[in-house]
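Next up, upload29.cif (mmCIF, C-alpha atoms):
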```cif
data_work
#
loop_
_atom_site.label_atom_id
_atom_site.label_comp_id
_atom_site.auth_asym_id
_atom_site.auth_seq_id
_atom_site.Cartn_x
_atom_site.Cartn_y
_atom_site.Cartn_z
CA MET A 990 -33.85 33.45 -0.59
CA THR A 991 -36.27 31.74 1.83
CA ARG A 992 -38.38 33.97 4.10
CA ARG A 993 -40.79 33.27 6.93
CA LYS A 994 -43.08 35.56 8.96
CA SER A 995 -42.67 36.44 12.62
CA LYS A 996 -45.66 35.41 14.72
CA SER A 997 -45.48 38.71 16.70
CA SER A 998 -44.94 41.31 13.99
CA GLY A 999 -45.82 39.54 10.77
CA LYS A 1000 -42.57 40.88 9.23
CA PRO A 1001 -40.63 38.53 7.01
CA LEU A 1002 -37.46 37.06 8.54
CA VAL A 1003 -34.46 35.81 6.52
CA SER A 1004 -33.35 32.27 7.37
CA ALA A 1005 -29.74 32.36 8.61
CA THR A 1006 -29.01 28.90 7.23
CA VAL A 1007 -29.73 29.69 3.58
CA SER A 1008 -26.64 30.01 1.38
CA GLN A 1009 -26.09 33.10 -0.74
CA PRO A 1010 -26.46 32.73 -4.52
CA GLY A 1011 -23.37 31.13 -6.05
CA ALA A 1012 -22.14 29.67 -2.73
CA PRO A 1013 -21.60 25.89 -2.54
CA ALA A 1014 -24.48 24.05 -0.92
CA SER A 1015 -23.76 22.71 2.54
CA PRO A 1016 -24.30 18.96 3.02
CA GLN A 1017 -27.44 18.11 4.93
CA LYS A 1018 -27.17 16.74 8.43
CA GLY A 1019 -26.24 13.05 8.29
CA MET A 1020 -24.95 13.39 4.72
CA GLN A 1021 -21.29 12.83 3.85
CA THR A 1022 -19.23 14.80 1.38
CA GLU A 1023 -17.46 12.88 -1.36
CA GLU A 1024 -14.20 13.38 0.51
CA ASP A 1025 -15.64 11.98 3.75
CA ARG A 1026 -17.34 9.09 2.02
CA ILE A 1027 -14.34 7.70 0.13
CA CYS A 1028 -12.05 8.10 3.17
CA VAL A 1029 -14.53 6.48 5.55
CA THR A 1030 -15.06 3.62 3.08
CA PHE A 1031 -11.30 3.03 2.84
CA LYS A 1032 -10.88 3.02 6.64
CA GLU A 1033 -13.77 0.58 7.09
CA ILE A 1034 -12.29 -1.78 4.51
CA VAL A 1035 -8.90 -1.72 6.25
CA LYS A 1036 -10.51 -2.28 9.65
CA GLU A 1037 -12.59 -5.22 8.41
CA ASN A 1038 -9.69 -6.77 6.47
CA PRO A 1039 -6.50 -6.35 8.54
CA GLU A 1040 -4.53 -8.72 6.27
CA MET A 1041 -5.46 -6.83 3.11
CA SER A 1042 -2.77 -4.70 1.48
CA SER A 1043 -3.41 -0.94 1.47
CA ALA A 1044 -3.11 -0.98 -2.34
CA VAL A 1045 -5.91 -3.54 -2.63
CA ALA A 1046 -8.00 -1.69 -0.03
CA ALA A 1047 -7.65 1.48 -2.14
CA VAL A 1048 -8.87 -0.38 -5.24
CA LYS A 1049 -11.82 -1.82 -3.29
CA ALA A 1050 -12.74 1.65 -2.00
CA LEU A 1051 -12.66 3.05 -5.54
CA VAL A 1052 -14.82 0.15 -6.76
CA GLU A 1053 -17.35 1.04 -4.06
CA SER A 1054 -17.25 4.66 -5.21
CA ILE A 1055 -18.35 3.55 -8.69
CA LYS A 1056 -21.51 2.09 -7.19
CA TRP A 1057 -22.58 5.50 -5.84
CA ASN A 1058 -21.28 7.38 -8.89
CA THR A 1059 -24.39 8.94 -10.51
CA ALA A 1060 -22.61 10.24 -13.62
CA SER A 1061 -24.64 10.19 -16.82
CA THR A 1062 -21.76 10.67 -19.27
CA MET A 1063 -18.38 9.01 -19.69
CA GLN A 1064 -16.59 12.31 -19.08
CA GLU A 1065 -18.45 12.96 -15.82
CA PHE A 1066 -17.89 9.36 -14.73
CA THR A 1067 -14.14 9.65 -15.31
CA GLN A 1068 -13.94 13.02 -13.57
CA ASN A 1069 -15.76 11.69 -10.49
CA LEU A 1070 -13.42 8.72 -10.21
CA GLU A 1071 -10.37 10.91 -10.73
CA SER A 1072 -11.63 13.12 -7.90
CA SER A 1073 -12.04 10.09 -5.60
CA ARG A 1074 -8.56 8.88 -6.53
CA ARG A 1075 -7.00 12.27 -5.75
CA ILE A 1076 -8.78 12.42 -2.39
CA LEU A 1077 -7.51 8.96 -1.39
CA LYS A 1078 -3.93 9.78 -2.41
CA LYS A 1079 -4.03 13.13 -0.63
CA LYS A 1080 -5.86 12.27 2.58
CA THR A 1081 -4.87 8.70 3.41
CA GLU A 1082 -2.22 8.50 6.15
CA LEU A 1083 -1.92 4.70 6.15
CA SER A 1084 0.77 3.46 3.71
CA PRO A 1085 0.42 6.41 1.31
CA VAL A 1086 2.83 4.94 -1.25
CA SER A 1087 0.95 1.63 -1.37
CA VAL A 1088 -2.36 3.50 -1.66
CA ALA A 1089 -0.91 5.57 -4.53
CA ALA A 1090 0.07 2.35 -6.33
CA GLY A 1091 -3.46 0.98 -6.06
CA CYS A 1092 -5.00 4.29 -7.16
CA ASP A 1093 -2.69 4.57 -10.19
CA LEU A 1094 -3.46 1.00 -11.25
CA PHE A 1095 -7.19 1.74 -10.99
CA LEU A 1096 -6.84 4.91 -13.08
CA HIS A 1097 -5.01 2.87 -15.72
CA TRP A 1098 -8.00 0.54 -15.97
CA ILE A 1099 -10.34 3.51 -16.35
CA GLY A 1100 -8.25 4.96 -19.17
CA LYS A 1101 -8.07 1.60 -20.93
CA TYR A 1102 -11.78 0.88 -20.80
CA GLN A 1103 -12.65 4.48 -21.64
CA HIS A 1104 -10.91 4.06 -24.99
CA ASP A 1105 -12.03 0.47 -25.64
CA ILE A 1106 -15.64 0.75 -24.47
CA SER A 1107 -17.85 3.69 -25.47
CA ASP A 1108 -20.92 2.59 -23.50
CA LEU A 1109 -20.92 4.03 -19.95
CA ASP A 1110 -22.71 1.10 -18.28
CA ALA A 1111 -20.39 -1.40 -19.96
CA CYS A 1112 -17.35 0.58 -18.83
CA ARG A 1113 -18.72 0.81 -15.30
CA GLN A 1114 -19.27 -2.96 -15.08
CA SER A 1115 -15.88 -3.75 -16.63
CA VAL A 1116 -13.99 -1.64 -14.11
CA ILE A 1117 -16.01 -3.05 -11.18
CA SER A 1118 -15.29 -6.58 -12.42
CA LYS A 1119 -11.57 -5.85 -12.78
CA GLY A 1120 -11.33 -4.33 -9.31
CA GLU A 1121 -13.31 -7.07 -7.60
CA ASN A 1122 -11.19 -9.68 -9.35
CA LEU A 1123 -8.02 -8.14 -7.89
CA VAL A 1124 -9.58 -8.07 -4.41
CA HIS A 1125 -10.63 -11.73 -4.68
CA ARG A 1126 -7.24 -12.78 -6.08
CA SER A 1127 -5.08 -10.84 -3.62
CA ASP A 1128 -4.40 -13.87 -1.43
CA GLU A 1129 -3.73 -16.02 -4.50
CA ILE A 1130 -1.24 -13.41 -5.71
CA ARG A 1131 0.63 -13.63 -2.40
CA ASN A 1132 0.74 -17.41 -2.78
CA GLN A 1133 2.27 -16.95 -6.23
CA VAL A 1134 4.93 -14.66 -4.75
CA ALA A 1135 5.65 -17.20 -2.02
CA ALA A 1136 6.04 -19.97 -4.60
CA VAL A 1137 8.55 -17.86 -6.53
CA GLY A 1138 10.69 -17.18 -3.47
CA LEU A 1139 10.41 -20.66 -1.95
CA ASN A 1140 13.40 -22.14 -3.80
CA PHE A 1141 15.69 -19.44 -2.39
CA VAL A 1142 15.08 -20.61 1.19
CA LYS A 1143 17.64 -23.33 1.94
CA ASP A 1144 17.77 -25.76 4.84
CA ASN A 1145 19.54 -24.42 7.94
CA ALA A 1146 19.49 -20.87 6.54
CA ILE A 1147 19.45 -17.83 8.79
CA ILE A 1148 17.14 -15.17 7.35
CA LEU A 1149 16.96 -11.55 8.49
CA ILE A 1150 13.60 -9.80 8.03
CA HIS A 1151 12.49 -6.28 8.87
CA SER A 1152 9.16 -5.36 10.48
CA TYR A 1153 5.92 -7.16 9.61
CA SER A 1154 5.27 -7.89 5.94
CA ARG A 1155 2.26 -10.05 5.08
CA VAL A 1156 3.81 -11.43 1.91
CA VAL A 1157 7.16 -12.19 3.59
CA MET A 1158 5.25 -14.02 6.32
CA LYS A 1159 3.39 -15.99 3.65
CA LEU A 1160 6.67 -17.07 2.03
CA LEU A 1161 8.25 -18.14 5.33
CA LYS A 1162 5.10 -20.01 6.39
CA ARG A 1163 5.08 -21.85 3.07
CA ALA A 1164 8.78 -22.74 3.47
CA ALA A 1165 8.04 -24.20 6.90
CA GLN A 1166 5.15 -26.21 5.46
CA ALA A 1167 7.60 -27.59 2.89
CA ASN A 1168 9.61 -28.96 5.85
CA LYS A 1169 12.47 -26.55 5.39
CA ARG A 1170 14.39 -25.82 8.55
CA PHE A 1171 15.59 -22.27 9.04
CA THR A 1172 15.97 -19.54 11.63
CA VAL A 1173 14.66 -15.99 11.37
CA TYR A 1174 16.13 -12.85 12.93
CA VAL A 1175 13.48 -10.14 13.16
CA THR A 1176 14.39 -6.49 13.77
CA GLU A 1177 12.28 -4.76 16.39
CA SER A 1178 11.36 -2.21 13.70
CA ARG A 1179 10.81 0.89 15.76
CA PRO A 1180 8.81 3.08 16.00
CA GLU A 1181 5.96 0.81 14.84
CA ASN A 1182 7.48 -2.26 16.55
CA GLY A 1183 6.21 -4.54 13.80
CA GLY A 1184 9.00 -6.99 14.56
CA LYS A 1185 7.28 -8.14 17.75
CA LYS A 1186 4.15 -9.10 15.80
CA ALA A 1187 6.21 -10.84 13.11
CA ALA A 1188 8.22 -12.87 15.63
CA GLN A 1189 5.06 -13.95 17.43
CA LYS A 1190 3.35 -15.05 14.19
CA LEU A 1191 6.44 -17.01 13.13
CA ARG A 1192 6.64 -18.84 16.46
CA GLU A 1193 2.96 -19.76 16.16
CA GLU A 1194 3.90 -21.51 12.91
CA GLY A 1195 6.69 -23.42 14.65
CA ILE A 1196 9.46 -21.30 13.09
CA VAL A 1197 12.45 -20.38 15.24
CA ALA A 1198 12.47 -16.57 15.44
CA TYR A 1199 14.53 -14.11 17.48
CA GLU A 1200 13.92 -10.39 17.89
CA ILE A 1201 17.02 -8.23 17.57
CA LEU A 1202 17.65 -4.52 18.05
CA ASP A 1203 17.51 -2.32 14.95
CA SER A 1204 20.94 -1.05 15.91
CA ALA A 1205 22.33 -4.62 16.10
CA VAL A 1206 21.93 -5.48 12.40
CA GLY A 1207 25.62 -4.84 11.77
CA TYR A 1208 26.54 -7.18 14.62
CA PHE A 1209 24.39 -10.10 13.39
CA ILE A 1210 24.81 -9.69 9.62
CA GLU A 1211 27.90 -11.93 9.42
CA ASN A 1212 25.77 -14.87 10.62
CA VAL A 1213 22.92 -14.17 8.20
CA ASP A 1214 22.53 -15.98 4.86
CA MET A 1215 20.07 -13.55 3.31
CA VAL A 1216 17.83 -10.54 3.98
CA MET A 1217 14.16 -10.55 2.99
CA VAL A 1218 11.94 -7.47 3.16
CA GLY A 1219 8.56 -6.45 1.86
CA ALA A 1220 7.73 -3.15 0.17
CA GLU A 1221 5.13 -0.42 0.41
CA GLY A 1222 5.95 0.45 -3.16
CA VAL A 1223 8.35 -0.55 -5.93
CA VAL A 1224 9.38 2.53 -7.90
CA GLU A 1225 10.22 2.89 -11.57
CA ASN A 1226 13.98 2.37 -11.29
CA GLY A 1227 13.59 -0.86 -9.31
CA GLY A 1228 14.20 0.68 -5.88
CA ILE A 1229 11.71 0.30 -3.05
CA ILE A 1230 9.95 2.44 -0.46
CA ASN A 1231 9.44 0.57 2.77
CA GLN A 1232 9.33 0.74 6.57
CA ILE A 1233 11.97 3.06 8.01
CA GLY A 1234 15.25 1.21 8.59
CA THR A 1235 15.10 -0.83 5.38
CA TYR A 1236 17.71 1.30 3.64
CA GLN A 1237 20.30 1.00 6.39
CA ILE A 1238 19.81 -2.80 6.46
CA ALA A 1239 20.39 -2.86 2.70
CA VAL A 1240 23.60 -0.84 3.10
CA VAL A 1241 24.89 -3.21 5.78
CA ALA A 1242 23.94 -6.27 3.69
CA LYS A 1243 25.76 -4.86 0.67
CA ALA A 1244 28.89 -4.20 2.72
CA ALA A 1245 28.78 -7.75 4.11
CA ASN A 1246 28.11 -9.24 0.64
CA LYS A 1247 24.79 -10.75 1.69
CA PRO A 1248 21.86 -11.06 -0.77
CA PHE A 1249 19.06 -8.57 -0.22
CA TYR A 1250 15.73 -9.85 -1.54
CA VAL A 1251 12.48 -7.91 -1.89
CA VAL A 1252 9.25 -9.92 -1.65
CA THR A 1253 6.32 -8.01 -3.13
CA GLU A 1254 3.16 -8.10 -5.22
CA SER A 1255 3.19 -6.46 -8.66
CA TYR A 1256 0.20 -4.25 -7.79
CA LYS A 1257 2.59 -2.31 -5.56
CA PHE A 1258 4.59 -1.12 -8.58
CA VAL A 1259 4.16 2.65 -8.50
CA ARG A 1260 5.01 5.41 -10.96
CA LEU A 1261 7.44 7.30 -8.77
CA PHE A 1262 11.09 8.05 -9.43
CA PRO A 1263 12.75 9.24 -6.21
CA LEU A 1264 16.43 10.14 -6.44
CA ASN A 1265 16.98 10.42 -2.70
CA GLN A 1266 15.14 10.42 0.64
CA SER A 1267 13.97 14.01 0.13
CA ASP A 1268 11.87 12.94 -2.86
CA LEU A 1269 9.58 10.74 -0.77
CA PRO A 1270 5.93 11.83 -0.28
CA LYS A 1271 5.77 14.36 2.56
CA ARG A 1272 3.01 12.45 4.34
CA ALA A 1273 5.45 9.57 4.74
CA ASN A 1274 7.14 11.67 7.43
CA VAL A 1275 5.27 11.55 10.72
CA ALA A 1276 6.38 13.18 13.97
CA ARG A 1277 6.47 10.54 16.70
CA ARG A 1278 8.61 11.91 19.51
CA GLY A 1279 6.47 14.70 20.93
CA ALA A 1280 6.46 18.47 20.76
CA ASP A 1281 10.06 18.82 22.00
CA ALA A 1282 11.49 16.75 19.14
CA GLY A 1283 13.78 18.29 16.57
CA PRO A 1284 13.62 16.77 13.07
CA VAL A 1285 10.47 14.95 12.03
CA ASP A 1286 10.83 11.18 12.32
CA PRO A 1287 10.26 9.43 8.96
CA SER A 1288 8.02 6.37 8.74
CA VAL A 1289 9.49 5.03 5.48
CA ASP A 1290 12.72 5.30 3.53
CA TYR A 1291 13.91 4.72 -0.02
CA THR A 1292 16.31 1.89 -0.92
CA PRO A 1293 18.03 2.45 -4.31
CA PRO A 1294 18.17 -0.46 -6.79
CA ALA A 1295 21.95 -0.80 -6.41
CA PHE A 1296 21.38 -2.39 -2.98
CA ILE A 1297 18.74 -4.90 -4.15
CA THR A 1298 19.76 -8.36 -5.37
CA LEU A 1299 16.42 -9.64 -6.70
CA LEU A 1300 12.68 -9.07 -6.38
CA PHE A 1301 10.31 -12.03 -5.86
CA THR A 1302 6.96 -11.11 -7.44
CA ASP A 1303 3.86 -12.76 -8.89
CA LEU A 1304 5.38 -11.91 -12.29
CA GLY A 1305 8.42 -14.04 -11.46
CA VAL A 1306 11.92 -13.27 -10.25
CA LEU A 1307 12.93 -9.78 -11.39
CA THR A 1308 16.12 -7.80 -11.31
CA PRO A 1309 15.69 -4.14 -10.32
CA SER A 1310 16.22 -3.11 -13.95
CA GLY A 1311 13.37 -5.42 -15.00
CA VAL A 1312 10.85 -3.42 -12.96
CA SER A 1313 10.76 -0.52 -15.44
CA ASP A 1314 10.02 -2.98 -18.26
CA GLU A 1315 7.11 -4.45 -16.31
CA LEU A 1316 5.80 -0.98 -15.44
CA SER A 1317 5.82 0.04 -19.10
CA THR A 1318 3.87 -3.15 -19.90
CA CYS A 1319 1.34 -2.55 -17.11
CA PHE A 1320 0.84 1.13 -17.92
#
```

Can you dump the structure from the file as structure tokens?
Amino acid sequence: MTRRKSKSSGKPLVSATVSQPGAPASPQKGMQTEEDRICVTFKEIVKENPEMSSAVAAVKALVESIKWNTASTMQEFTQNLESSRRILKKKTELSPVSVAAGCDLFLHWIGKYQHDISDLDACRQSVISKGENLVHRSDEIRNQVAAVGLNFVKDNAIILIHSYSRVVMKLLKRAAQANKRFTVYVTESRPENGGKKAAQKLREEGIVAYEILDSAVGYFIENVDMVMVGAEGVVENGGIINQIGTYQIAVVAKAANKPFYVVTESYKFVRLFPLNQSDLPKRANVARRGADAGPVDPSVDYTPPAFITLLFTDLGVLTPSGVSDELSTCF
């Protein structure tokens, strides 16, 4: 215990800021806790790279955490990274399912290199290299997805999309560059209103795009040739978790016998197995209507595999049942 003397009496005084024995040390002023540091790093990455997927941003944040990881043993190194991974999955409000997919993929790499490489420095460099490679290849992976889905876009097609998906936009942009003529209906996608951004981006590329009401999908579906959506996460049974409203579009498309395609990167495959909407991560439900609202408004929903026709991925065209095979290969 630190003591100092009073100038007037000479009696020792106990410093009020000194922790009692056994109590956790408080971070010094200007210092960040591990929890603050990984979360701040993730937010800065997302802010600086608005077109980067949340899954890739999570991997990049974890790669950065390796660089400040001062562990001296493989066990300590693994524990520190596992702690950072848990913090990201628990605290991140932006696309929590996509973040979970990136975190789980990163943990898989750690486990693999931990068994294959006994040297700590070699393991550290291998994981950093793997993570940075994914970050650098993320745009290339989207191009691969777009190439896979390109042949499904026919001339004079009418395509319905939901909200703003970077990889769906990449596919449609590539189709336009291939001189394919098509029209896009974009749902307004409340409450985020991502449809407005999507329609604007499509028009900038010279693509005919119309915004429609979320509640008008049933009205327009008979004129639509196909539905294309992105995904926050692709779960083990081949279903998807995506922007709220995706499930009801899938139900309408199924009833109207229209193909429902999911356009997504394989790094969004996540080890979840929801059976219904109640099984979704609790943080996916965000109140948006004020204090007088009744039920909490959800931000995402779950679309079961029975409503999905095909998935266009960088691994090729997959059926929903093929997702579990790919997950078992990846993990």

Interatomic distance (Å, one decimal) between CA of Arg1163 (chain A) and CA of Gly1207 (chain A): 28.1 Å

Expansion of the PyMOL selection byres ((chain A and resi 1190-1197) around 9) into residues, as a VMD selection string: chain A and resid 1158 1161 to 1162 1165 to 1166 1170 to 1174 1185 to 1189 1198 to 1199

Residues matched by the PyMOL selection byres ((chain A and resi 1128-1142) around 8) as a count of residues only: 22

Set the distance at 9 Å and use all atoms listed in the file: which residues neighbour Gly1311 (chain A) once local chain neighbours fewer than 4 positions away are removed? I'd like the list as a CSV table (one decimal) with C-alpha atoms, in the coordinates of the input.
```csv
chain,number,residue,atom,x,y,z
A,1226,ASN,CA,14.0,2.4,-11.3
A,1227,GLY,CA,13.6,-0.9,-9.3
A,1307,LEU,CA,12.9,-9.8,-11.4
A,1315,GLU,CA,7.1,-4.4,-16.3
A,1316,LEU,CA,5.8,-1.0,-15.4
```

Contacts of region 1035-1041 of chain A at 10 Å (all atoms listed in the file; same-chain gap of 5+ positions) as a list in words: Val1029, Thr1030, Ala1046, Ala1047, Lys1049, Ala1050, Leu1083, Val1124, Ser1127, Asp1128, Ser1154, Arg1155 and Val1156 of chain A

Selection to disk with C-alpha atoms, as a short mmCIF file (atom, residue, chain, number, x, y, z; two decimals), in the coordinates of the input:
```cif
data_model
loop_
_atom_site.label_atom_id
_atom_site.label_comp_id
_atom_site.auth_asym_id
_atom_site.auth_seq_id
_atom_site.Cartn_x
_atom_site.Cartn_y
_atom_site.Cartn_z
CA VAL A 1029 -14.53 6.48 5.55
CA THR A 1030 -15.06 3.62 3.08
CA ALA A 1046 -8.00 -1.69 -0.03
CA ALA A 1047 -7.65 1.48 -2.14
CA LYS A 1049 -11.82 -1.82 -3.29
CA ALA A 1050 -12.74 1.65 -2.00
CA LEU A 1083 -1.92 4.70 6.15
CA VAL A 1124 -9.58 -8.07 -4.41
CA SER A 1127 -5.08 -10.84 -3.62
CA ASP A 1128 -4.40 -13.87 -1.43
CA SER A 1154 5.27 -7.89 5.94
CA ARG A 1155 2.26 -10.05 5.08
CA VAL A 1156 3.81 -11.43 1.91
#
```

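The shell of residues at most 8 Å from Val1251 (chain A), with all atoms listed in the file counted and near chain neighbours (fewer than 2 positions) removed, consists of Met1217, Val1218, Gly1219, Ala1220, Phe1249, Thr1253, Ile1297, Leu1299, Leu1300 and Phe1301 of chain A.
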
Can region 1051-1066 of chain A be brought up to N, CA, C and O atoms and written out as a short mmCIF file (atom, residue, chain, number, x, y, z; two decimals), in the coordinates of the input?
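Now in part-v2.cif:
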```
data_model
loop_
_atom_site.label_atom_id
_atom_site.label_comp_id
_atom_site.auth_asym_id
_atom_site.auth_seq_id
_atom_site.Cartn_x
_atom_site.Cartn_y
_atom_site.Cartn_z
N LEU A 1051 -12.32 2.39 -4.28
CA LEU A 1051 -12.66 3.05 -5.54
C LEU A 1051 -13.76 2.28 -6.28
O LEU A 1051 -14.61 2.88 -6.95
N VAL A 1052 -13.74 0.96 -6.17
CA VAL A 1052 -14.82 0.15 -6.76
C VAL A 1052 -16.15 0.50 -6.10
O VAL A 1052 -17.18 0.66 -6.78
N GLU A 1053 -16.13 0.65 -4.77
CA GLU A 1053 -17.35 1.04 -4.06
C GLU A 1053 -17.82 2.42 -4.50
O GLU A 1053 -19.03 2.68 -4.59
N SER A 1054 -16.87 3.31 -4.79
CA SER A 1054 -17.25 4.66 -5.21
C SER A 1054 -17.95 4.65 -6.57
O SER A 1054 -18.77 5.53 -6.86
N ILE A 1055 -17.65 3.67 -7.41
CA ILE A 1055 -18.35 3.55 -8.69
C ILE A 1055 -19.83 3.28 -8.46
O ILE A 1055 -20.69 3.78 -9.19
N LYS A 1056 -20.12 2.50 -7.44
CA LYS A 1056 -21.51 2.09 -7.19
C LYS A 1056 -22.39 3.26 -6.75
O LYS A 1056 -23.61 3.20 -6.90
N TRP A 1057 -21.77 4.32 -6.18
CA TRP A 1057 -22.58 5.50 -5.84
C TRP A 1057 -22.34 6.65 -6.82
O TRP A 1057 -22.83 7.74 -6.63
N ASN A 1058 -21.56 6.38 -7.86
CA ASN A 1058 -21.28 7.38 -8.89
C ASN A 1058 -22.51 7.54 -9.78
O ASN A 1058 -22.92 6.60 -10.46
N THR A 1059 -23.13 8.71 -9.77
CA THR A 1059 -24.39 8.94 -10.51
C THR A 1059 -24.15 9.61 -11.86
O THR A 1059 -25.07 10.18 -12.44
N ALA A 1060 -22.93 9.57 -12.35
CA ALA A 1060 -22.61 10.24 -13.62
C ALA A 1060 -23.46 9.69 -14.76
O ALA A 1060 -23.78 8.50 -14.80
N SER A 1061 -23.82 10.59 -15.67
CA SER A 1061 -24.64 10.19 -16.82
C SER A 1061 -23.85 10.18 -18.12
O SER A 1061 -24.35 9.73 -19.15
N THR A 1062 -22.61 10.67 -18.08
CA THR A 1062 -21.76 10.67 -19.27
C THR A 1062 -20.40 10.07 -18.91
O THR A 1062 -20.00 10.05 -17.73
N MET A 1063 -19.68 9.60 -19.91
CA MET A 1063 -18.38 9.01 -19.69
C MET A 1063 -17.40 10.03 -19.10
O MET A 1063 -16.60 9.72 -18.20
N GLN A 1064 -17.49 11.27 -19.58
CA GLN A 1064 -16.59 12.31 -19.08
C GLN A 1064 -16.84 12.59 -17.60
O GLN A 1064 -15.90 12.69 -16.80
N GLU A 1065 -18.11 12.71 -17.22
CA GLU A 1065 -18.45 12.96 -15.82
C GLU A 1065 -18.05 11.77 -14.95
O GLU A 1065 -17.53 11.94 -13.83
N PHE A 1066 -18.26 10.57 -15.45
CA PHE A 1066 -17.89 9.36 -14.73
C PHE A 1066 -16.39 9.33 -14.45
O PHE A 1066 -15.96 9.08 -13.32
#
```
